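Asker: Quick one, run_31.txt (compact mmCIF, C-alpha atoms):
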# COMPACT_ATOMS: atom_id res chain seq x y z
CA MET N 898 -14.24 7.45 19.55
CA ARG N 899 -12.83 4.52 17.57
CA LYS N 900 -15.09 5.31 14.61
CA LEU N 901 -14.04 8.97 14.76
CA ILE N 902 -10.35 8.01 14.65
CA LEU N 903 -10.92 5.72 11.67
CA SER N 904 -12.87 8.46 9.89
CA THR N 905 -9.87 10.75 10.32
CA PHE N 906 -7.66 8.21 8.53
CA VAL N 907 -10.20 8.03 5.72
CA LEU N 908 -10.44 11.80 5.24
CA SER N 909 -6.66 12.20 5.37
CA ALA N 910 -6.18 9.53 2.73
CA VAL N 911 -8.74 11.08 0.40
CA TYR N 912 -7.18 14.52 0.82
CA SER N 913 -3.65 13.26 0.21
CA THR N 914 -4.53 11.82 -3.18
CA SER N 915 -5.43 15.30 -4.45
CA LEU N 916 -1.95 16.75 -3.87
CA ALA N 917 0.54 16.97 -6.74
CA VAL N 918 4.18 15.90 -6.47
CA LEU N 919 7.37 16.65 -8.33
CA PRO N 920 9.07 13.67 -10.03
CA GLY N 921 12.12 12.37 -8.18
CA LYS N 922 11.44 14.03 -4.83
CA LEU N 923 8.93 13.67 -2.03
CA VAL N 924 8.12 17.37 -1.79
CA LEU N 925 5.08 19.59 -1.51
CA ALA N 926 3.50 20.87 -4.68
CA GLU N 927 3.40 24.63 -5.10
CA GLY N 928 0.54 26.20 -3.20
CA THR N 929 -0.13 23.28 -0.85
CA THR N 930 -0.05 23.80 2.90
CA GLN N 931 0.29 20.22 4.12
CA PRO N 932 2.55 17.31 3.15
CA THR N 933 1.01 14.17 1.69
CA LEU N 934 0.75 11.15 3.93
CA TRP N 935 3.46 9.36 1.93
CA SER N 936 5.86 12.22 2.70
CA LYS N 937 4.77 12.24 6.35
CA ILE N 938 5.55 8.54 6.64
CA TYR N 939 8.91 9.08 4.94
CA HIS N 940 9.67 11.86 7.42
CA ILE N 941 8.87 9.58 10.36
CA LEU N 942 11.09 6.84 8.93
CA PHE N 943 14.20 8.93 8.26
CA ASN N 944 14.06 12.44 9.71
CA LYS N 945 13.57 11.67 13.38
CA LYS N 946 16.51 11.73 15.79
CA GLU N 947 15.89 8.04 16.46
CA PRO N 948 14.25 6.62 13.31
CA PRO N 949 12.11 3.49 13.81
CA ILE N 950 14.04 1.73 11.04
CA GLU N 951 17.78 2.28 11.24
CA PRO N 952 19.55 3.09 7.95
CA ARG N 953 22.17 0.50 7.03
CA ASN N 954 25.57 1.72 5.90
CA GLY N 955 26.18 0.13 2.53
CA GLY N 956 29.88 0.92 2.77
CA SER N 957 30.34 -1.45 5.71
CA ARG N 958 28.42 -4.33 4.15
CA PRO N 959 30.34 -6.91 2.07
CA ALA N 960 29.30 -6.76 -1.57
CA SER N 961 28.29 -10.41 -1.45
CA LEU N 962 25.65 -9.79 1.22
CA VAL N 963 22.09 -8.67 0.58
CA CYS N 964 20.66 -5.63 2.38
CA MET N 965 17.58 -7.11 4.06
CA VAL N 966 15.13 -4.22 4.40
CA SER N 967 11.86 -5.66 5.71
CA PRO N 968 11.23 -7.28 8.06
CA ASP N 969 14.36 -5.75 9.57
CA ALA N 970 16.21 -6.64 12.76
CA PRO N 971 15.89 -4.12 15.59
CA ARG N 972 17.16 -4.95 19.08
CA SER N 973 14.24 -7.34 19.54
CA TYR N 974 12.16 -9.22 16.99
CA ARG N 975 10.25 -7.06 14.56
CA THR N 976 6.55 -7.75 15.11
CA VAL N 977 4.36 -7.93 12.00
CA TRP N 978 0.58 -7.94 11.70
CA SER N 979 0.45 -9.71 8.34
CA ASP N 980 0.51 -13.49 8.29
CA ARG N 981 1.69 -13.17 4.68
CA PRO N 982 4.39 -10.51 5.05
CA LEU N 983 6.30 -8.63 2.40
CA PHE N 984 10.04 -9.35 2.08
CA LEU N 985 12.04 -6.42 0.72
CA TRP N 986 15.77 -6.30 0.00
CA GLN N 987 18.52 -4.76 -2.11
CA GLY N 988 21.21 -6.82 -3.82
CA TYR N 989 21.25 -10.13 -5.63
CA ALA N 990 19.11 -12.84 -4.09
CA SER N 991 18.58 -16.17 -5.81
CA THR N 992 16.21 -17.64 -3.20
CA ILE N 993 14.00 -16.47 -0.35
CA ALA N 994 12.75 -18.86 2.32
CA VAL N 995 10.81 -18.82 5.59
CA ARG N 996 11.57 -21.15 8.49
CA SER N 997 10.38 -21.51 12.05
CA ILE N 998 12.97 -20.12 14.44
CA GLY N 999 15.45 -22.80 15.42
CA SER N 1000 14.56 -24.96 12.40
CA SER N 1001 16.53 -25.69 9.23
CA THR N 1002 13.44 -26.83 7.32
CA ASP N 1003 11.87 -24.43 4.84
CA LEU N 1004 8.18 -23.74 5.33
CA TRP N 1005 8.22 -21.86 2.02
CA ARG N 1006 10.90 -21.21 -0.58
CA GLU N 1007 10.90 -19.17 -3.78
CA SER N 1008 13.35 -18.35 -6.57
CA VAL N 1009 13.64 -14.56 -6.84
CA ALA N 1010 16.62 -13.89 -9.11
CA LYS N 1011 14.81 -11.12 -11.00
CA HIS N 1012 13.13 -9.48 -8.01
CA GLN N 1013 13.88 -7.17 -5.07
CA ASN N 1014 10.68 -7.87 -3.14
CA ILE N 1015 8.13 -10.62 -2.80
CA THR N 1016 5.06 -11.32 -0.68
CA TYR N 1017 5.05 -14.57 1.27
CA MET N 1018 2.85 -17.09 -0.54
CA GLY N 1019 2.94 -20.12 1.74
CA GLU N 1020 0.42 -21.25 4.35
CA PRO N 1021 -0.62 -18.37 6.67
CA LEU N 1022 1.92 -17.89 9.43
CA GLU N 1023 0.78 -18.57 12.99
CA PRO N 1024 -0.02 -15.69 15.39
CA GLY N 1025 2.52 -15.33 18.19
CA GLN N 1026 5.13 -17.49 16.47
CA VAL N 1027 8.69 -16.44 15.64
CA TYR N 1028 10.06 -17.11 12.16
CA LYS N 1029 13.08 -16.18 10.14
CA TRP N 1030 13.30 -15.19 6.51
CA VAL N 1031 16.37 -16.55 4.83
CA VAL N 1032 18.18 -15.12 1.80
CA ASN N 1033 20.44 -17.28 -0.35
CA SER N 1034 20.39 -19.99 2.36
CA ARG N 1035 22.86 -18.08 4.54
CA GLN N 1036 21.48 -14.70 5.70
CA PHE N 1037 18.44 -14.51 7.92
CA VAL N 1038 16.36 -12.08 9.95
CA PRO N 1039 13.94 -13.21 12.68
CA PHE N 1040 10.46 -11.74 13.01
CA GLN N 1041 7.33 -12.48 15.01
CA VAL N 1042 3.69 -12.53 13.93
CA MET N 1043 1.68 -10.65 16.55
CA ASP N 1044 -0.68 -12.52 18.86
CA LYS N 1045 -4.19 -13.36 17.69
CA LEU N 1046 -6.09 -10.96 19.94
CA GLU N 1047 -4.23 -7.89 18.70
CA ARG N 1048 -4.28 -9.15 15.10
CA ASP N 1049 -8.05 -9.48 15.24
CA ARG N 1050 -8.48 -5.94 16.61
CA ILE N 1051 -6.31 -4.51 13.85
CA SER N 1052 -8.08 -6.61 11.22
CA ALA N 1053 -11.41 -5.12 12.30
CA ASP N 1054 -10.00 -1.58 12.09
CA LEU N 1055 -8.58 -2.22 8.62
CA GLN N 1056 -11.91 -3.58 7.40
CA ASN N 1057 -13.64 -0.43 8.63
CA ILE N 1058 -11.06 1.81 6.95
CA GLN N 1059 -11.45 -0.04 3.67
CA LYS N 1060 -15.25 -0.01 3.87
CA GLN N 1061 -15.38 3.74 4.52
CA LEU N 1062 -12.94 4.52 1.74
CA GLN N 1063 -14.61 2.26 -0.81
CA ALA N 1064 -17.88 4.06 -0.08
CA THR N 1065 -16.26 7.32 -1.23
CA GLY N 1066 -15.14 5.76 -4.52
CA VAL N 1067 -11.41 6.48 -4.06
CA ASN N 1068 -8.67 4.40 -5.69
CA THR N 1069 -6.55 1.60 -4.26
CA GLU N 1070 -3.67 3.96 -3.47
CA ALA N 1071 -5.87 6.06 -1.18
CA ILE N 1072 -6.80 2.90 0.69
CA ALA N 1073 -3.13 1.88 0.93
CA ILE N 1074 -2.24 5.36 2.25
CA ALA N 1075 -4.87 5.13 4.98
CA LYS N 1076 -3.75 1.65 6.01
CA ALA N 1077 -0.06 2.60 5.91
CA ASN N 1078 -0.75 5.63 8.10
CA TYR N 1079 -2.68 3.43 10.51
CA PHE N 1080 0.22 0.98 10.76
CA ALA N 1081 2.70 3.86 11.18
CA GLU N 1082 0.73 5.13 14.17
CA LYS N 1083 1.20 1.69 15.71
CA ASN N 1084 4.92 1.47 14.78
CA LEU N 1085 4.28 -1.58 12.60
CA TRP N 1086 6.86 -0.64 9.99
CA SER N 1087 6.98 -3.90 8.06
CA ASP N 1088 3.24 -3.61 7.57
CA VAL N 1089 3.65 0.04 6.49
CA LEU N 1090 6.06 -1.08 3.80
CA GLN N 1091 3.74 -3.89 2.75
CA GLN N 1092 1.08 -1.26 2.02
CA VAL N 1093 3.67 0.81 0.12
CA TYR N 1094 4.23 -2.14 -2.22
CA SER N 1095 0.60 -3.28 -2.41
CA VAL N 1096 -0.55 -0.76 -5.05
CA PRO N 1097 -0.47 -2.32 -8.55
CA GLN N 1098 -0.41 1.01 -10.42
CA PRO N 1099 1.44 3.46 -8.14
CA SER N 1100 1.42 7.22 -8.58
CA ALA N 1101 4.65 9.09 -9.37
CA GLU N 1102 5.00 9.97 -5.68
CA LEU N 1103 4.59 6.39 -4.55
CA GLN N 1104 7.13 5.16 -7.12
CA THR N 1105 9.61 7.71 -5.77
CA PHE N 1106 8.79 6.67 -2.20
CA ARG N 1107 9.62 3.05 -3.04
CA GLN N 1108 12.94 4.00 -4.63
CA ASP N 1109 13.92 6.29 -1.76
CA ILE N 1110 13.04 3.77 0.95
CA VAL N 1111 15.49 1.14 -0.29
CA HIS N 1112 18.16 3.67 -1.26
CA SER N 1113 17.97 5.44 2.09
CA LEU N 1114 18.24 2.21 4.06
CA CYS N 1115 20.90 0.44 2.04
CA GLU N 1116 23.27 3.17 0.82
CA PRO N 1117 25.99 4.99 2.83
CA VAL N 1118 24.38 8.41 2.45
CA ILE N 1119 20.69 9.09 3.00
CA ALA N 1120 19.58 10.81 -0.19
CA ASN N 1121 16.46 12.35 -1.66
CA LYS N 1122 15.09 13.57 1.65
CA ILE N 1123 11.96 15.64 1.73
CA SER N 1124 12.71 19.23 0.78
CA GLY N 1125 13.00 21.54 3.74
CA ASN N 1126 13.57 18.90 6.42
Take the structure in the file and give it back as structure tokens.

Answerer:
Amino acid sequence: MRKLILSTFVLSAVYSTSLAVLPGKLVLAEGTTQPTLWSKIYHILFNKKEPPIEPRNGGSRPASLVCMVSPDAPRSYRTVWSDRPLFLWQGYASTIAVRSIGSSTDLWRESVAKHQNITYMGEPLEPGQVYKWVVNSRQFVPFQVMDKLERDRISADLQNIQKQLQATGVNTEAIAIAKANYFAEKNLWSDVLQQVYSVPQPSAELQTFRQDIVHSLCEPVIANKISGN
């Protein structure tokens, strides 16, 4: 059963790469009958009555503060699979740091004045531990790396997905789509976004997805929704 489920992710990813998109919108190309997986993930993020990642109202946020997108801060700690997570934000940040919760000592610190996202590049974070990522030495969001047993199960699934997809000869974006869809099924939204930003040469649809994610979370009005939803 587990192999069958993973095969479904593989086939869906391969199929999704064959669908065309219109620049500037996550919409279906003429003549297609199903949305791409990127648009499905976007729909889950923003078009549900209770979206898994709450949009932030930019109008209520002081201009001096950065909109910290991922990991975000739900009612409890956001759990992440990756021990080298992606940090994603909007606004001016001069530095990004990671600290153990309750500590004022940086485990890792990076200058990011020209960036809006960065992948953690310090020593691998410890399973089960709670950390906080700090922006400009004054804003922070806590997050927790999932426990080792669950991480290992997911790691094995991801290896199988990648192996099956590589055997078909598809590109890196198809692999990222399959992994992002896998993480979405498990409500691991920071890891979904890490896959979104993992593709070095993104398609037009993926570039639009990246733009819309940050805009939809950090601006007062959710814009560029999928047509027809």

Asker: Which residue is closest to Pro1021 (chain N)? Choose from N:Glu1007, N:Asp1054, N:Glu1047, N:Asp980 and count only C-alpha atoms.

Answerer: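 Checking each of N:Glu1007, N:Asp1054, N:Glu1047, N:Asp980 against Pro1021 (chain N), counting only C-alpha atoms, the winner is N:Asp980.
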
Asker: With distances taken over only C-alpha atoms, which of N:Val1009, N:Leu1062, N:Leu985, N:Ile1072 is nearest to Cys964 (chain N)?

Answerer: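 Among the listed residues, the smallest separation from Cys964 (chain N) belongs to N:Leu985.
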
Asker: Measure the distance from CA of Val1111 (chain N) to CA of Leu1022 (chain N) in Å and round it to one decimal.

Answerer: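 Distance between the two atoms: 25.3 Å.
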
Asker: Restricting the calculation to all atoms listed in the file, which member of N:Phe1106, N:Tyr989, N:Tyr974, N:Phe984 is positioned closest to Phe943 (chain N)?

Answerer: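 Looking at the shortest contact to Phe943 (chain N), the residue is N:Phe1106.
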
Asker: Which neighbours of Gln1026 (chain N) fall inside 9 Å, counting all atoms listed in the file, when residues of the same chain fewer than 5 positions from it are skipped, and could you give them as a list in words?

Answerer: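 After dropping sequence-adjacent residues, the list is Ser997, Ile998, Phe1040, Gln1041, Val1042, Met1043 and Asp1044 of chain N.
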
Asker: So what do you get for CA of Ala1077 (chain N) versus CA of Gln1092 (chain N), distance-wise?

Answerer: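 Distance reported for this atom pair: 5.6 Å.
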
Asker: Do you have the CA of Val1031 (chain N)-CA of Ile993 (chain N) distance handy?

Answerer: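 Separation between CA of Val1031 (chain N) and CA of Ile993 (chain N): 5.7 Å.
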
Asker: Would you please work out which residue, of N:Ser1087, N:Gln1108, N:Ser1100, N:Asn1078, is nearest to Lys937 (chain N) when using all atoms listed in the file?

Answerer: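 Comparing N:Ser1087, N:Gln1108, N:Ser1100, N:Asn1078 against Lys937 (chain N), the winner is N:Asn1078.
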
Asker: Quick one: of N:Gln1061, N:Gln1098, N:Asn1084, N:Ser1052, who's nearest to Leu942 (chain N), counting all atoms listed in the file?

Answerer: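 Once distances to Leu942 (chain N) are computed over all atoms listed in the file, the minimum belongs to N:Asn1084.
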
Asker: Have a look at N:Thr1002, N:Asn1014, N:Ser1113, N:Ser967 and name the one nearest to Leu1085 (chain N); count all atoms listed in the file.

Answerer: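 Among N:Thr1002, N:Asn1014, N:Ser1113, N:Ser967, it is N:Ser967 that comes nearest to Leu1085 (chain N).
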
Asker: Mind checking which residues fall within 12 Å of Phe1080 (chain N), counting only C-alpha atoms, ignoring those fewer than 6 positions away in the same chain, and posting them as a PDB file with C-alpha atoms, in the frame of the given file?

Answerer:
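Written out: result_18.pdb:
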ATOM      1  CA  PHE N 906      -7.660   8.210   8.530  1.00  0.00           C
ATOM      2  CA  ILE N 938       5.550   8.540   6.640  1.00  0.00           C
ATOM      3  CA  THR N 976       6.550  -7.750  15.110  1.00  0.00           C
ATOM      4  CA  VAL N 977       4.360  -7.930  12.000  1.00  0.00           C
ATOM      5  CA  TRP N 978       0.580  -7.940  11.700  1.00  0.00           C
ATOM      6  CA  SER N 979       0.450  -9.710   8.340  1.00  0.00           C
ATOM      7  CA  ARG N1048      -4.280  -9.150  15.100  1.00  0.00           C
ATOM      8  CA  ILE N1051      -6.310  -4.510  13.850  1.00  0.00           C
ATOM      9  CA  SER N1052      -8.080  -6.610  11.220  1.00  0.00           C
ATOM     10  CA  ASP N1054     -10.000  -1.580  12.090  1.00  0.00           C
ATOM     11  CA  LEU N1055      -8.580  -2.220   8.620  1.00  0.00           C
ATOM     12  CA  ILE N1058     -11.060   1.810   6.950  1.00  0.00           C
ATOM     13  CA  ALA N1073      -3.130   1.880   0.930  1.00  0.00           C
ATOM     14  CA  ILE N1074      -2.240   5.360   2.250  1.00  0.00           C
ATOM     15  CA  TRP N1086       6.860  -0.640   9.990  1.00  0.00           C
ATOM     16  CA  SER N1087       6.980  -3.900   8.060  1.00  0.00           C
ATOM     17  CA  ASP N1088       3.240  -3.610   7.570  1.00  0.00           C
ATOM     18  CA  VAL N1089       3.650   0.040   6.490  1.00  0.00           C
ATOM     19  CA  LEU N1090       6.060  -1.080   3.800  1.00  0.00           C
ATOM     20  CA  GLN N1091       3.740  -3.890   2.750  1.00  0.00           C
ATOM     21  CA  GLN N1092       1.080  -1.260   2.020  1.00  0.00           C
ATOM     22  CA  VAL N1093       3.670   0.810   0.120  1.00  0.00           C
TER      23      VAL N1093
END

Asker: Give me, as a PDB file with C-alpha atoms, in the coordinates of the input, all polymer residues having an atom no more than 12 Å from Arg1035 (chain N), counting only C-alpha atoms and skipping those fewer than 3 positions away in the same chain.

Answerer:
ATOM      1  CA  SER N 961      28.290 -10.410  -1.450  1.00  0.00           C
ATOM      2  CA  LEU N 962      25.650  -9.790   1.220  1.00  0.00           C
ATOM      3  CA  VAL N 963      22.090  -8.670   0.580  1.00  0.00           C
ATOM      4  CA  ALA N 990      19.110 -12.840  -4.090  1.00  0.00           C
ATOM      5  CA  SER N 991      18.580 -16.170  -5.810  1.00  0.00           C
ATOM      6  CA  THR N 992      16.210 -17.640  -3.200  1.00  0.00           C
ATOM      7  CA  ILE N 993      14.000 -16.470  -0.350  1.00  0.00           C
ATOM      8  CA  ALA N 994      12.750 -18.860   2.320  1.00  0.00           C
ATOM      9  CA  SER N1001      16.530 -25.690   9.230  1.00  0.00           C
ATOM     10  CA  LYS N1029      13.080 -16.180  10.140  1.00  0.00           C
ATOM     11  CA  TRP N1030      13.300 -15.190   6.510  1.00  0.00           C
ATOM     12  CA  VAL N1031      16.370 -16.550   4.830  1.00  0.00           C
ATOM     13  CA  VAL N1032      18.180 -15.120   1.800  1.00  0.00           C
ATOM     14  CA  VAL N1038      16.360 -12.080   9.950  1.00  0.00           C
TER      15      VAL N1038
END
